[in-house]
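Enquirer: Please find work-v3.txt (compact mmCIF, C-alpha atoms) on the next line:
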# COMPACT_ATOMS: atom_id res chain seq x y z
CA MET A 1111 105.41 99.55 108.48
CA ASP A 1112 105.15 96.29 106.55
CA LYS A 1113 104.45 96.07 102.83
CA VAL A 1114 100.86 94.88 103.27
CA VAL A 1115 99.93 97.87 105.43
CA LEU A 1116 101.76 100.26 103.10
CA LYS A 1117 99.95 98.87 100.06
CA ARG A 1118 96.61 99.18 101.82
CA LEU A 1119 97.26 102.81 102.74
CA GLU A 1120 98.24 103.57 99.15
CA GLN A 1121 95.00 101.98 97.92
CA ILE A 1122 92.94 103.99 100.39
CA SER A 1123 94.62 107.27 99.45
CA ASN A 1124 93.99 106.61 95.76
CA THR A 1125 90.35 105.84 96.51
CA VAL A 1126 90.00 109.08 98.46
CA ARG A 1127 91.58 111.01 95.58
CA LYS A 1128 89.13 109.47 93.12
CA ASP A 1129 86.19 110.48 95.26
CA LEU A 1130 87.63 113.98 95.64
CA ILE A 1131 87.57 114.36 91.87
CA ARG A 1132 84.01 113.02 91.68
CA MET A 1133 82.82 115.12 94.62
CA LEU A 1134 84.24 118.43 93.39
CA GLY A 1135 83.31 117.65 89.81
CA VAL A 1136 79.68 117.04 90.71
CA ALA A 1137 79.55 120.09 93.00
CA ARG A 1138 81.43 122.29 90.52
CA SER A 1139 83.10 123.95 93.48
CA GLY A 1140 85.70 123.31 96.15
CA ASN A 1141 89.42 123.79 96.76
CA LEU A 1142 91.00 121.17 94.56
CA SER A 1143 94.79 121.43 94.76
CA SER A 1144 94.91 122.18 98.51
CA SER A 1145 92.61 119.23 99.23
CA LEU A 1146 94.79 116.86 97.21
CA SER A 1147 97.92 117.89 99.14
CA ILE A 1148 96.64 116.47 102.46
CA VAL A 1149 95.32 113.06 101.39
CA GLU A 1150 98.18 110.98 102.83
CA ILE A 1151 98.25 112.96 106.08
CA LEU A 1152 94.56 112.37 106.78
CA THR A 1153 94.70 108.77 105.59
CA ILE A 1154 97.43 107.77 108.01
CA LEU A 1155 95.78 109.73 110.83
CA TYR A 1156 92.43 107.98 110.49
CA TRP A 1157 93.70 104.49 109.64
CA ARG A 1158 96.86 104.26 111.78
CA GLU A 1159 97.38 107.05 114.29
CA MET A 1160 94.11 108.19 115.85
CA LYS A 1161 91.89 106.42 118.35
CA ILE A 1162 88.43 106.81 116.81
CA PHE A 1163 84.98 105.24 117.12
CA PRO A 1164 83.00 105.64 113.85
CA GLU A 1165 80.01 103.89 115.41
CA GLU A 1166 80.13 106.39 118.31
CA PRO A 1167 81.59 109.61 116.84
CA ASN A 1168 81.31 111.60 120.07
CA SER A 1169 82.88 109.02 122.35
CA PRO A 1170 84.75 110.79 125.17
CA GLU A 1171 87.54 108.25 124.71
CA ARG A 1172 88.36 109.40 121.16
CA ASP A 1173 91.29 111.45 119.93
CA ARG A 1174 90.23 114.81 118.50
CA PHE A 1175 91.00 116.33 115.11
CA VAL A 1176 90.73 119.97 114.06
CA LEU A 1177 91.02 120.84 110.36
CA SER A 1178 92.19 124.43 110.64
CA LYS A 1179 92.50 124.71 106.85
CA GLY A 1180 88.76 124.20 106.58
CA HIS A 1181 88.77 124.64 102.81
CA GLY A 1182 90.47 121.23 102.62
CA CYS A 1183 87.32 119.56 103.99
CA PRO A 1184 86.60 117.52 100.81
CA THR A 1185 89.52 115.30 101.78
CA LEU A 1186 88.29 115.01 105.36
CA TYR A 1187 84.79 114.14 104.14
CA GLY A 1188 86.16 111.44 101.86
CA VAL A 1189 88.23 109.97 104.69
CA LEU A 1190 85.31 110.03 107.14
CA ALA A 1191 83.03 108.33 104.62
CA HIS A 1192 85.47 105.53 103.89
CA ARG A 1193 86.24 105.16 107.59
CA GLY A 1194 82.56 104.51 108.28
CA PHE A 1195 81.31 107.73 109.91
CA PHE A 1196 78.64 108.11 107.24
CA CYS A 1197 77.78 106.53 103.91
CA ARG A 1198 79.84 107.32 100.85
CA GLU A 1199 76.77 108.42 98.87
CA GLU A 1200 76.64 111.57 101.03
CA LEU A 1201 79.77 112.79 99.24
CA TRP A 1202 77.76 113.63 96.13
CA ASN A 1203 75.80 116.18 98.20
CA PHE A 1204 78.94 118.20 98.95
CA SER A 1205 78.30 121.95 99.26
CA ARG A 1206 74.56 121.66 98.59
CA LEU A 1207 72.29 123.85 100.69
CA GLY A 1208 70.99 122.08 103.79
CA THR A 1209 73.14 118.94 103.53
CA MET A 1210 75.60 117.61 106.12
CA LEU A 1211 78.71 118.28 103.97
CA GLN A 1212 79.14 122.02 103.63
CA GLY A 1213 82.03 123.97 102.08
CA HIS A 1214 83.72 124.15 105.49
CA PRO A 1215 83.48 121.64 108.38
CA GLN A 1216 80.61 122.16 110.81
CA TYR A 1217 80.49 120.57 114.22
CA SER A 1218 77.20 118.86 115.18
CA ILE A 1219 75.85 118.44 111.63
CA THR A 1220 78.56 116.09 110.29
CA PRO A 1221 79.51 112.88 112.17
CA GLY A 1222 83.23 112.88 112.95
CA ILE A 1223 83.74 116.66 112.86
CA ASP A 1224 85.15 117.90 116.17
CA ALA A 1225 85.30 121.64 115.39
CA THR A 1226 83.73 124.16 113.03
CA THR A 1227 86.48 125.89 111.06
CA GLY A 1228 86.90 128.25 108.16
CA SER A 1229 88.53 131.44 109.44
CA LEU A 1230 92.19 130.65 108.84
CA GLY A 1231 94.56 130.70 111.78
CA MET A 1232 91.85 129.87 114.33
CA GLY A 1233 92.23 126.08 114.42
CA PRO A 1234 95.33 125.94 116.64
CA GLY A 1235 93.54 128.05 119.26
CA ILE A 1236 90.57 125.69 119.23
CA ALA A 1237 92.90 122.69 119.43
CA SER A 1238 94.93 124.16 122.30
CA GLY A 1239 91.71 124.76 124.23
CA MET A 1240 90.75 121.13 123.71
CA ALA A 1241 94.22 120.00 124.75
CA LEU A 1242 94.06 122.03 127.97
CA ALA A 1243 90.57 120.76 128.81
CA LEU A 1244 91.53 117.12 128.17
CA LYS A 1245 95.07 117.21 129.52
CA ASP A 1246 94.18 115.16 132.59
CA HIS A 1247 91.33 113.14 131.05
CA PRO A 1248 91.46 109.44 132.11
CA SER A 1249 91.65 108.22 128.50
CA SER A 1250 94.56 110.59 127.69
CA PRO A 1251 93.28 111.61 124.25
CA TRP A 1252 95.56 113.24 121.68
CA ILE A 1253 94.54 116.44 119.92
CA TYR A 1254 95.63 116.77 116.29
CA CYS A 1255 95.34 119.96 114.25
CA LEU A 1256 96.13 120.28 110.54
CA THR A 1257 96.92 123.78 109.27
CA GLY A 1258 97.93 125.29 105.96
CA ASP A 1259 101.25 127.13 105.74
CA GLY A 1260 99.53 130.39 104.79
CA GLU A 1261 97.85 130.35 108.21
CA LEU A 1262 101.23 130.79 109.84
CA GLN A 1263 101.09 134.44 108.75
CA THR A 1264 98.29 135.16 111.25
CA GLY A 1265 98.75 136.46 114.77
CA SER A 1266 96.17 134.07 116.21
CA PHE A 1267 98.31 131.13 115.13
CA TRP A 1268 101.31 132.28 117.14
CA GLU A 1269 99.15 133.18 120.13
CA ALA A 1270 98.11 129.53 120.25
CA VAL A 1271 101.75 128.44 119.89
CA LEU A 1272 102.72 130.59 122.90
CA PHE A 1273 99.73 129.41 124.93
CA SER A 1274 100.37 125.71 124.24
CA SER A 1275 104.00 125.97 125.27
CA GLN A 1276 103.22 128.00 128.40
CA TYR A 1277 100.75 125.35 129.62
CA SER A 1278 102.86 122.36 128.54
CA LEU A 1279 100.18 120.90 126.29
CA GLY A 1280 102.10 117.75 125.44
CA ASN A 1281 98.90 116.10 124.18
CA LEU A 1282 98.76 118.48 121.20
CA VAL A 1283 100.22 117.76 117.75
CA ILE A 1284 99.96 120.34 114.96
CA ILE A 1285 100.66 119.24 111.40
CA VAL A 1286 101.59 122.02 108.97
CA ASP A 1287 100.74 121.34 105.32
CA LEU A 1288 103.81 122.92 103.76
CA ASN A 1289 102.72 123.05 100.12
CA GLY A 1290 104.27 126.49 99.63
CA TYR A 1291 101.17 128.25 98.33
CA GLN A 1292 98.22 130.30 99.49
CA ALA A 1293 95.37 131.94 97.59
CA GLU A 1294 97.42 134.92 96.41
CA GLY A 1295 100.58 133.02 95.44
CA SER A 1296 103.62 131.46 97.10
CA THR A 1297 103.91 131.89 100.85
CA GLU A 1298 107.53 133.00 100.58
CA SER A 1299 106.68 135.81 98.14
CA ILE A 1300 103.92 137.16 100.41
CA ILE A 1301 105.31 136.77 103.94
CA SER A 1302 108.33 134.53 104.37
CA LEU A 1303 107.93 131.81 107.00
CA GLU A 1304 111.53 130.67 107.29
CA PRO A 1305 113.36 129.69 109.41
CA LEU A 1306 110.23 127.81 110.48
CA TYR A 1307 111.92 124.95 112.35
CA ASP A 1308 113.88 127.40 114.49
CA LYS A 1309 110.81 129.52 115.21
CA PHE A 1310 108.84 126.62 116.66
CA ASP A 1311 111.90 125.35 118.51
CA SER A 1312 112.44 128.76 120.12
CA PHE A 1313 108.86 128.68 121.40
CA GLY A 1314 109.55 125.40 123.20
CA TRP A 1315 107.89 123.03 120.73
CA LYS A 1316 109.16 119.64 119.67
CA VAL A 1317 109.71 119.96 115.91
CA VAL A 1318 109.62 117.05 113.45
CA THR A 1319 109.94 117.21 109.67
CA ALA A 1320 108.37 114.76 107.21
CA ASP A 1321 107.51 114.08 103.60
CA GLY A 1322 103.74 114.63 103.67
CA HIS A 1323 103.17 112.06 100.90
CA ASP A 1324 105.34 109.24 102.31
CA PHE A 1325 103.41 106.97 104.69
CA GLN A 1326 106.49 105.47 106.29
CA ASP A 1327 108.01 108.88 106.92
CA LEU A 1328 104.72 110.17 108.31
CA GLU A 1329 104.45 107.19 110.66
CA ARG A 1330 107.96 107.92 111.92
CA ALA A 1331 107.08 111.59 112.40
CA PHE A 1332 103.92 110.88 114.40
CA GLY A 1333 105.85 108.42 116.56
CA GLU A 1334 108.50 111.04 117.33
CA ALA A 1335 105.87 113.68 118.03
CA ARG A 1336 104.21 111.48 120.65
CA LYS A 1337 107.31 110.36 122.51
CA ASP A 1338 106.47 112.45 125.54
CA ARG A 1339 103.59 114.57 126.83
CA ILE A 1340 105.67 117.42 128.19
CA ASN A 1341 105.87 119.77 125.21
CA PRO A 1342 103.49 120.32 122.30
CA SER A 1343 104.73 118.99 118.96
CA VAL A 1344 104.59 120.18 115.37
CA ILE A 1345 105.14 118.14 112.22
CA LEU A 1346 106.35 120.21 109.27
CA ALA A 1347 105.03 118.10 106.39
CA SER A 1348 106.32 119.03 102.94
CA THR A 1349 103.58 118.49 100.32
CA ILE A 1350 102.72 119.22 96.70
CA PRO A 1351 99.49 121.08 95.80
CA GLY A 1352 97.39 118.92 93.49
CA LYS A 1353 99.41 115.81 94.40
CA GLY A 1354 98.56 112.69 92.43
CA ILE A 1355 97.16 114.23 89.26
CA SER A 1356 99.75 115.54 86.82
CA PHE A 1357 97.85 118.40 85.18
CA ILE A 1358 96.63 119.69 88.55
CA GLU A 1359 100.13 119.48 90.05
CA LYS A 1360 101.45 121.43 87.06
CA ALA A 1361 98.83 124.14 87.51
CA GLY A 1362 99.67 124.44 91.23
CA THR A 1363 97.69 127.03 93.16
CA CYS A 1364 96.00 128.16 89.92
CA ALA A 1365 94.03 124.88 90.03
CA ASN A 1366 92.67 125.46 93.52
CA ARG A 1367 89.35 126.84 92.29
CA MET A 1368 89.35 124.91 89.03
CA ILE A 1369 85.91 123.75 87.90
CA LEU A 1370 86.57 120.37 86.33
CA THR A 1371 85.05 119.54 82.98
CA ARG A 1372 83.85 116.01 82.33
CA GLU A 1373 86.94 115.42 80.21
CA GLN A 1374 89.23 116.61 83.00
CA MET A 1375 87.43 114.39 85.51
CA ASP A 1376 87.90 111.39 83.23
CA LEU A 1377 91.57 112.24 82.70
CA ALA A 1378 92.20 112.60 86.42
CA LEU A 1379 90.41 109.34 87.25
CA ARG A 1380 92.46 107.47 84.66
CA GLU A 1381 95.64 108.58 86.40
CA LEU A 1382 94.52 107.09 89.70
CA SER A 1383 95.19 103.39 89.45
CA GLU A 1384 93.71 101.83 92.55
CA GLY A 1385 90.10 100.59 92.87
CA GLN A 1386 87.38 101.62 95.26
CA THR A 1387 86.95 100.52 98.85
CA PRO A 1388 83.44 99.96 100.24
CA CYS A 1389 81.59 102.44 102.41
CA GLY A 1390 82.74 101.93 106.01
CA GLY A 1391 86.38 101.00 105.31
CA ASP A 1392 88.09 98.84 107.93
CA SER A 1393 91.00 99.86 110.13
CA LEU A 1394 94.53 98.63 109.68
Since I need it in another form, could you write the structure as structure tokens?

Expert:
Amino acid sequence: MDKVVLKRLEQISNTVRKDLIRMLGVARSGNLSSSLSIVEILTILYWREMKIFPEEPNSPERDRFVLSKGHGCPTLYGVLAHRGFFCREELWNFSRLGTMLQGHPQYSITPGIDATTGSLGMGPGIASGMALALKDHPSSPWIYCLTGDGELQTGSFWEAVLFSSQYSLGNLVIIVDLNGYQAEGSTESIISLEPLYDKFDSFGWKVVTADGHDFQDLERAFGEARKDRINPSVILASTIPGKGISFIEKAGTCANRMILTREQMDLALRELSEGQTPCGGDSL
């Protein structure tokens, strides 16, 4: 990845973070710290990795994306707006009754949403069904699914892992947002996930690790995950809840349901250095 592309991705991610703060501040609701932890992952997916058609969101040629951690949808909405799926002004209607941007993603009412999610642990099953249905599609689409690490404590998650390996769904890539926290506290204190790499490997998955905030490392990880279409792949992406805003990072999971005051919004926005990009951001 050259320096120009890297700089552009950094600018986009800062823009998305700024709009996250504005969106959740205006709505006075939303999952703040867990949305901030996935900004770089979604930015590189939608500007570098995925084949998408913002002008034709339901194109059969597109790659598909399932946000299993549906509570992180403010980030996805910000990315979709700046990628041109809908106008940025829609962001200020987040979580309002009857609008297209609800508190969890909803298929058919929001351009660019491929699956309705919210019940944690269900996304990988949806994604594996898509992968099976599209395995022999002429355009060879990839199916990407982003999950939280707390979801790995559900039985439905591992059912999908078994299913995907059994049917050799090599067109499926799951990204695990390893920020170490869930609603009740740290994942390790509730139900330990380790040794996570070995667990996926034993189920026949290709396992790749990455820094979830490093664009160059993420690009490498996605490249490794897509080297063949024989086995499904998982990227274990280490992230920080609240990434990018110091007082939210410090608060960790306690900030997830934080209702930002005007002063906190101003403080957060001052920490984010890059300017805005116009509605309908271009690809890289």

Enquirer: Quick one: distance from CA of Met1375 (chain A) to CA of Ile1154 (chain A) in Å, one decimal?

Expert: 25.5 Å

Enquirer: What's the 10 Å shell around Val1344 (chain A), counting all atoms listed in the file, without same-chain residues fewer than 6 positions away, as a ChimeraX atom specification?

Expert: /A:1254-1256,1271,1282-1286,1307,1310-1311,1315-1319,1331-1332,1335

Enquirer: Could you tell me how far CA of Leu1262 (chain A) sits from CA of Pro1184 (chain A), in Å to one decimal place?

Expert: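 Straight-line distance from CA of Pro1184 (chain A) to CA of Leu1262 (chain A) works out to 21.7 Å.
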
Enquirer: Determine the nearest neighbour of Thr1220 (chain A) from the options A:Lys1245, A:Asn1168, A:Ser1123, A:Glu1261, counting all atoms listed in the file.

Expert: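 The closest residue to Thr1220 (chain A) is A:Asn1168.
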
Enquirer: So which residues touch region 1228-1237 of chain A within 6 Å, counting only C-alpha atoms, skipping near sequence neighbours fewer than 6 positions away, as a count of residues only?

Expert: 8

Enquirer: Between CA of Glu1120 (chain A) and CA of Phe1325 (chain A), what is the distance in Å, rounded to a tenth?

Expert: 8.3 Å

Enquirer: For Ile1350 (chain A), which residue among A:Glu1334, A:Asp1173, A:Glu1373, A:Asp1287 is the nearest when counting only C-alpha atoms?

Expert: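 That would be A:Asp1287, the residue with the smallest distance to Ile1350 (chain A).
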
Enquirer: Counting all atoms listed in the file, which residue out of A:Glu1359, A:Asp1308, A:Asp1376, A:Asp1327 sits closest to Leu1146 (chain A)?

Expert: A:Glu1359

Enquirer: Calculated over all atoms listed in the file, which of the candidates A:Val1149, A:Leu1306, A:Ile1162, A:Ile1355 has the smallest distance to Gly1182 (chain A)?

Expert: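 Using all atoms listed in the file, the shortest distance to Gly1182 (chain A) belongs to A:Val1149.
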
Enquirer: Please determine, counting all atoms listed in the file, which residue among A:Asn1289, A:Ser1356, A:Thr1125, A:Gln1326 has the shortest atom-to-atom distance to Ala1191 (chain A).

Expert: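 Among the listed residues, the smallest separation from Ala1191 (chain A) belongs to A:Thr1125.
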
Enquirer: Counting all atoms listed in the file, figure out which residue out of A:Asp1112, A:Ala1137, A:Asp1321, A:Arg1127 gets nearest to Glu1381 (chain A).

Expert: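 Selected residue with least distance to Glu1381 (chain A): A:Arg1127.
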